[in-house]
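Here's the structure we're looking at; comments come further down.
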Amino acid sequence: MNKKTYNIFIIGCQMNKSDSERIAFSLESLGYFPEEDIYKASLVVITTCGVRQSAEDRIYGLIPAVRRKNPEVKIILTGCLSAEKLVKERLGDSVDIWMPIVELDNLPSLLGEDSLGGHERDYLNLKARYESDFSAFIPIGNGCDNFCSYCYVPHARGREKYRDHKEIINEAKDLIKKGYKEITLIAQNVNSYKSADIDFPKLLKMTNDLPGDFWLRFSTSHPKDMSDELIKEMGECEKLCHHVHLPAQAGDDEVLKRMNRKYTQGHYLELIDKIRKSLNKQAGEIVSGFWMPPVAISTDIIVGFPGETEKQFRETVKLFETVKYDMAYIAQYSPRPNTAAAKMSDLVSEDEKKRRDEELNDVLGRYNLENNKKYLNRVVEVLVDSKNSRGEMIGKTKTSKTVIISDTTKSRKIGDILEVKIKSVKNFGLYGEINKDE
Ligand code: SF4
């Protein structure tokens with residue numbers, strides 16, 4: 001194996017995907033070439049996730065398998081589990097380099113290579129080799145100060161650290177110049193962004209005001225930092241896609257308190273109300289030839305948090321019935337080491353967690369179908385991001401609704417923004433065809 005090749009195996013969230021793009025650029029600067037087959041690469045980087053036990057368990061199967069098939073391989077473990085003592089003990093020598101992502105600037109010396117000059121202390125300012133040539137994440141910060149009682153992220157990534165706004169704007173400008181059609185500002189907690197006198201509402205406006213034709217998104221927000229000023233700005237940013245992901249995690253105030261979320265159901269519902277008022281000013285109208293859908297709201301929920309009674313779970317069901325979410329990522333609680341919740345007693349049984357998960361999914365599907373029916377016979381813009389096995393294009397609306405387009409014409413390609421007329425809808429998807437008036 002003479003050629004230096006690498007494979008990055010990504011587990012987890014958008015932040016890990018974004019980090020991997022920076023790792024890829026750094027490796028290619030050191031002369032490594034991408035290798036699609038993880039078992040053939042001379043260097044394997046695994047970006048780990050500590051959110052759920054199932055994500056952690058994946059590395060215990062993967063790493064020995066990679067080493068068995070390729071004994072010469074060098075393995076770097078990064079991401080949320082790279083500083084976790086128990087994981088280190090369990091994997092021992094099978095990992096060559098444990099690299100917390102904030103040490104990415106140190107990669108050349110970790111690999112015994114010469115640095116290519118220019119020492120960048122903040123890894124977020126390192127260049128990225130973007131996965132896509134039409135949609136990109138721009139990391140605006142790393143870490144979290146919130147210490148939700150179930151979450152491992154603050155332990156793994158450390159306290160919040162935000163990137164200089166000039167670096168962020170320069171990266172955005174560069175992407176727009178290259179023709180990127182979708183830009184997503186990401187951090188664990190985007191809306192607590194602060195750098196010098198620039199806060200998140202200001203950063204959002206500065207990005208929105210950049211010249212060019214692009215869709216703007218951000219993720220993920222914490223309800224406690226969703227200020228009136230930000231909600232007002234969101235309503236005024238014409239490039240901002242009308243999809244807001246606002247993790248609730250639970251509907252019951254007592255459970256929210258034990259989760260250390262710092263808001264109540266009442267406060268959360270007020271926010272949803274304000275967001276809808278701010279972003280729905282033109283909903284239902286035809287704007288620049290397209291139907292303007294109502295803002296889509298999605299959330300994250302944990303069912304079966306320690307001590308969650310049936311009555312408390314009903315509050316989460318009530319929340320779903322009130323908000324009528326467009327999407328929800330529902331997780332059955334699993335304890336993470338070193339978190340406050342891992343020490344809590346009164347655990348909910350696995351069967352009960354599963355039942356609550358299924359019930360919420362049913363409620364979600366019911367209301368989502370109601371939301372999706374509003375799209376019938378409407379013409380919307382769809383950014384194509386993949387194709388299915390039948391050659392049909394799959395894409396997303398500005399409200400992040402998945403659309404399957406019954407058109408296999410070769411001239412349309414991934415990365416195109418198409419005018420699509422929605423012809424039928426299901427609980428979790430829209431089906432359309434290219435607008436004949438196009
Ligand atoms: S806000 Fe809470 S759930 Fe989100 S990363 Fe921070 S501690 Fe974890």
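Scheme for the structure tokens: letters A, B, ... for chains in order shown; per-chain residue numbers from 1; ligand numbers from 1 in order shown.
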
List every residue of region 341-388 of chain A that has an atom at most 12 Å from any atom of region 279-286 of chain A, giving for each one its closest atom pair and the distance in Å to one decimal, counting only C-alpha atoms, sorted by chain and then by ascending residue number, as a Markdown table.
```
| residue | atom | partner | partner_atom | distance |
| --- | --- | --- | --- | --- |
| A:Lys374 | CA | A:Gly284 | CA | 9.1 |
| A:Tyr375 | CA | A:Gly284 | CA | 9.8 |
| A:Arg378 | CA | A:Ile286 | CA | 9.6 |
| A:Val379 | CA | A:Ile286 | CA | 9.2 |
| A:Val380 | CA | A:Ile286 | CA | 9.8 |
```

Would you mind exporting the chosen residues as a short mmCIF file (atom, residue, chain, number, x, y, z; two decimals), in the first residue's frame, restricted to all heavy atoms?
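The resulting file, result-v4.cif, is reproduced below:
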```
data_model
loop_
_atom_site.label_atom_id
_atom_site.label_comp_id
_atom_site.auth_asym_id
_atom_site.auth_seq_id
_atom_site.Cartn_x
_atom_site.Cartn_y
_atom_site.Cartn_z
N LYS A 374 -52.16 20.69 2.20
CA LYS A 374 -52.21 22.09 1.76
C LYS A 374 -51.38 22.30 0.50
O LYS A 374 -51.56 23.28 -0.22
CB LYS A 374 -51.67 23.01 2.87
CG LYS A 374 -52.56 23.00 4.10
CD LYS A 374 -51.98 23.90 5.19
CE LYS A 374 -52.77 23.72 6.48
NZ LYS A 374 -51.97 23.81 7.67
N TYR A 375 -50.45 21.37 0.23
CA TYR A 375 -49.57 21.51 -0.93
C TYR A 375 -50.21 20.99 -2.23
O TYR A 375 -49.66 21.23 -3.31
CB TYR A 375 -48.26 20.73 -0.71
CG TYR A 375 -47.31 21.38 0.26
CD1 TYR A 375 -47.57 21.42 1.62
CD2 TYR A 375 -46.12 21.95 -0.17
CE1 TYR A 375 -46.69 22.01 2.52
CE2 TYR A 375 -45.22 22.55 0.71
CZ TYR A 375 -45.52 22.57 2.06
OH TYR A 375 -44.65 23.15 2.94
N ARG A 378 -50.34 22.72 -5.78
CA ARG A 378 -49.57 23.97 -5.68
C ARG A 378 -48.23 23.81 -6.40
O ARG A 378 -47.68 22.70 -6.45
CB ARG A 378 -49.28 24.30 -4.21
CG ARG A 378 -50.52 24.44 -3.36
CD ARG A 378 -51.32 25.64 -3.77
NE ARG A 378 -52.41 25.91 -2.87
CZ ARG A 378 -53.29 26.89 -3.06
NH1 ARG A 378 -53.19 27.66 -4.13
NH2 ARG A 378 -54.24 27.11 -2.20
N VAL A 379 -47.72 24.93 -6.88
CA VAL A 379 -46.41 24.91 -7.54
C VAL A 379 -45.36 25.44 -6.56
O VAL A 379 -45.50 26.54 -6.02
CB VAL A 379 -46.42 25.76 -8.83
CG1 VAL A 379 -45.03 25.80 -9.46
CG2 VAL A 379 -47.42 25.20 -9.82
N VAL A 380 -44.36 24.62 -6.30
CA VAL A 380 -43.31 25.00 -5.34
C VAL A 380 -41.93 24.77 -5.97
O VAL A 380 -41.80 24.02 -6.94
CB VAL A 380 -43.41 24.19 -4.02
CG1 VAL A 380 -44.62 24.60 -3.21
CG2 VAL A 380 -43.42 22.68 -4.30
#
```

Using only C-alpha atoms and all ligand atoms, find each residue with an atom at most 9 Å away from ligand 1 and format the answer as a PyMOL selection string.
chain A and resi 51+143-155+187-189+220-222+247+249+259-261

Counting only C-alpha atoms, what is within 12 Å of Glu103 (chain A), bar same-chain residues fewer than 2 positions away, as a ChimeraX atom specification?
/A:19,22-23,26,77-79,82-83,97-101,105-110,119-124,126,157

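For the set A:Asp273, A:Glu321, A:Ser54, A:Ile169, the residue with the smallest atom-to-atom gap to Tyr333 (chain A) is A:Ser54, counting only C-alpha atoms.
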
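The nearest approach to Gly266 (chain A) among the residues A:Leu210, A:Cys241, A:Met344, A:Val323, with only C-alpha atoms taken into account, belongs to A:Val323.
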
Would you please extract all alpha helix (DSSP H) residues from region 51-237 of chain A, as assigned by DSSP on the backbone, and give them as JSON, numbers by chain?
{"A": [53, 54, 55, 56, 57, 58, 59, 60, 61, 62, 63, 64, 65, 66, 67, 68, 69, 85, 86, 87, 88, 89, 90, 91, 107, 108, 109, 110, 153, 154, 155, 156, 157, 165, 166, 167, 168, 169, 170, 171, 172, 173, 174, 175, 176, 177, 200, 201, 202, 203, 204, 205, 206, 207, 208, 228, 229, 230, 231, 232, 233, 234, 235, 236]}

Among region 182-407 of chain A, which residues carry a DSSP assignment of strand (DSSP E), reported as an MDAnalysis selection string?
chainID A and resid 182:186 194:195 198:199 215:219 243:245 286:287 290:291 296:303 327:332 379:387 393:396 402:405

Keeping only C-alpha atoms, write the selected residues as an mmCIF file, in the first residue's frame.
```
data_model
loop_
_atom_site.group_PDB
_atom_site.id
_atom_site.type_symbol
_atom_site.label_atom_id
_atom_site.label_comp_id
_atom_site.auth_asym_id
_atom_site.auth_seq_id
_atom_site.Cartn_x
_atom_site.Cartn_y
_atom_site.Cartn_z
ATOM 1 C CA GLU A 182 -28.166 26.300 -0.220
ATOM 2 C CA ILE A 183 -26.222 27.432 2.835
ATOM 3 C CA THR A 184 -26.910 26.206 6.362
ATOM 4 C CA LEU A 185 -25.373 27.942 9.378
ATOM 5 C CA ILE A 186 -24.799 25.265 12.010
ATOM 6 C CA LYS A 194 -21.979 35.849 19.986
ATOM 7 C CA SER A 195 -18.740 37.204 18.575
ATOM 8 C CA ILE A 198 -22.402 40.445 16.569
ATOM 9 C CA ASP A 199 -25.211 38.175 17.817
ATOM 10 C CA TRP A 215 -31.478 29.438 0.119
ATOM 11 C CA LEU A 216 -30.466 30.140 3.709
ATOM 12 C CA ARG A 217 -31.087 27.822 6.688
ATOM 13 C CA PHE A 218 -29.826 27.438 10.252
ATOM 14 C CA SER A 219 -29.738 24.614 12.762
ATOM 15 C CA HIS A 243 -38.557 25.717 8.139
ATOM 16 C CA VAL A 244 -37.780 26.130 11.828
ATOM 17 C CA HIS A 245 -36.375 23.242 13.847
ATOM 18 C CA ILE A 286 -48.272 33.486 -4.839
ATOM 19 C CA VAL A 287 -44.840 35.083 -4.450
ATOM 20 C CA PHE A 290 -44.640 30.180 -6.403
ATOM 21 C CA TRP A 291 -47.139 29.272 -3.734
ATOM 22 C CA ALA A 296 -42.895 24.186 8.699
ATOM 23 C CA ILE A 297 -42.004 23.377 12.290
ATOM 24 C CA SER A 298 -40.004 20.343 13.371
ATOM 25 C CA THR A 299 -38.693 19.171 16.701
ATOM 26 C CA ASP A 300 -36.652 16.640 18.690
ATOM 27 C CA ILE A 301 -38.367 14.626 21.421
ATOM 28 C CA ILE A 302 -37.177 12.130 23.991
ATOM 29 C CA VAL A 303 -39.718 9.604 25.247
ATOM 30 C CA MET A 327 -41.522 16.529 11.391
ATOM 31 C CA ALA A 328 -40.249 15.200 14.703
ATOM 32 C CA TYR A 329 -37.170 13.159 15.506
ATOM 33 C CA ILE A 330 -38.338 10.960 18.350
ATOM 34 C CA ALA A 331 -35.729 9.172 20.470
ATOM 35 C CA GLN A 332 -36.289 6.592 23.173
ATOM 36 C CA VAL A 379 -46.409 24.909 -7.542
ATOM 37 C CA VAL A 380 -43.308 25.001 -5.344
ATOM 38 C CA GLU A 381 -39.543 25.149 -5.813
ATOM 39 C CA VAL A 382 -37.659 21.918 -5.132
ATOM 40 C CA LEU A 383 -33.889 21.567 -4.747
ATOM 41 C CA VAL A 384 -33.000 18.110 -6.106
ATOM 42 C CA ASP A 385 -30.541 16.284 -3.849
ATOM 43 C CA SER A 386 -30.664 12.659 -5.036
ATOM 44 C CA LYS A 387 -32.282 10.142 -7.362
ATOM 45 C CA MET A 393 -35.515 12.870 -8.632
ATOM 46 C CA ILE A 394 -35.850 13.459 -4.908
ATOM 47 C CA GLY A 395 -35.545 16.892 -3.399
ATOM 48 C CA LYS A 396 -36.659 19.274 -0.723
ATOM 49 C CA THR A 402 -39.336 15.694 0.767
ATOM 50 C CA VAL A 403 -40.686 15.576 -2.790
ATOM 51 C CA ILE A 404 -40.429 12.701 -5.264
ATOM 52 C CA ILE A 405 -40.645 14.002 -8.812
#
```

Work out how far apart CA of His242 (chain A) and CA of Pro293 (chain A) are and give it in Å to one decimal.
8.1 Å

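Near region 63-71 of chain A, within 9 Å and counting only C-alpha atoms, sit Ile38, Tyr39, Lys40, Ala41, Ser42, Val44, Ile46, Arg58, Ile59, Ile75, Leu91, Ser94 and Val95 of chain A; same-chain residues fewer than 4 positions away were not included.
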
At what distance in Å, to one decimal, does CA of Leu104 (chain A) lie from CA of Leu175 (chain A)?
22.2 Å

Arg390 (chain A) surroundings by only C-alpha atoms, 10 Å radius, close-in-sequence under 5 positions cut, as a list in words
Ser406, Asp407 and Thr408 of chain A

Generate a file of the selected residues that holds N, CA, C and O atoms, formatted as a compact mmCIF listing (two decimals), in the first residue's frame.
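The result, written out as again-v4.txt:
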```
# COMPACT_ATOMS: atom_id res chain seq x y z
N SER A 406 -41.86 12.73 -10.46
CA SER A 406 -42.02 11.64 -11.44
C SER A 406 -41.50 12.09 -12.80
O SER A 406 -42.26 12.31 -13.73
N ASP A 407 -40.21 12.26 -12.87
CA ASP A 407 -39.60 12.69 -14.12
C ASP A 407 -38.20 12.10 -14.15
O ASP A 407 -37.41 12.32 -13.24
N THR A 408 -37.91 11.35 -15.18
CA THR A 408 -36.60 10.71 -15.23
C THR A 408 -35.74 11.33 -16.34
O THR A 408 -34.74 10.76 -16.75
```

Go ahead and compute the interatomic distance for CA of Thr5 (chain A) and CA of Glu35 (chain A), in Å to one decimal.
5.8 Å

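Closest approach to Gly429 (chain A) from the set A:Glu254, A:Phe313, A:Thr397, A:Ser411 is made by A:Thr397, with distances taken over only C-alpha atoms.
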
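Compared by their closest atoms to Arg356 (chain A), and using only C-alpha atoms, the residues A:Gln53, A:Ser192, A:Thr309, A:Ser18 rank with A:Thr309 nearest.
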
Which residues come within 9 Å of Phe428 (chain A), counting only C-alpha atoms, excluding same-chain residues fewer than 6 positions away, as a ChimeraX atom specification?
/A:326-327,365,368-369,372,401-402

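With only C-alpha atoms as the basis for measurement, A:Lys74 is the residue among A:Lys277, A:Lys17, A:Lys74, A:Lys205 that approaches Lys4 (chain A) most closely.
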
Would you pick out the contacts of Pro211 (chain A) at 10 Å or less, using only C-alpha atoms, so that residues sharing its chain but fewer than 6 positions from it are not included, and give the list as a PyMOL selection string?
chain A and resi 173+176-177

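Using only C-alpha atoms, the nearest neighbour of Thr409 (chain A) within the list A:Ala128, A:Ser424, A:Lys262, A:Glu433 is A:Glu433.
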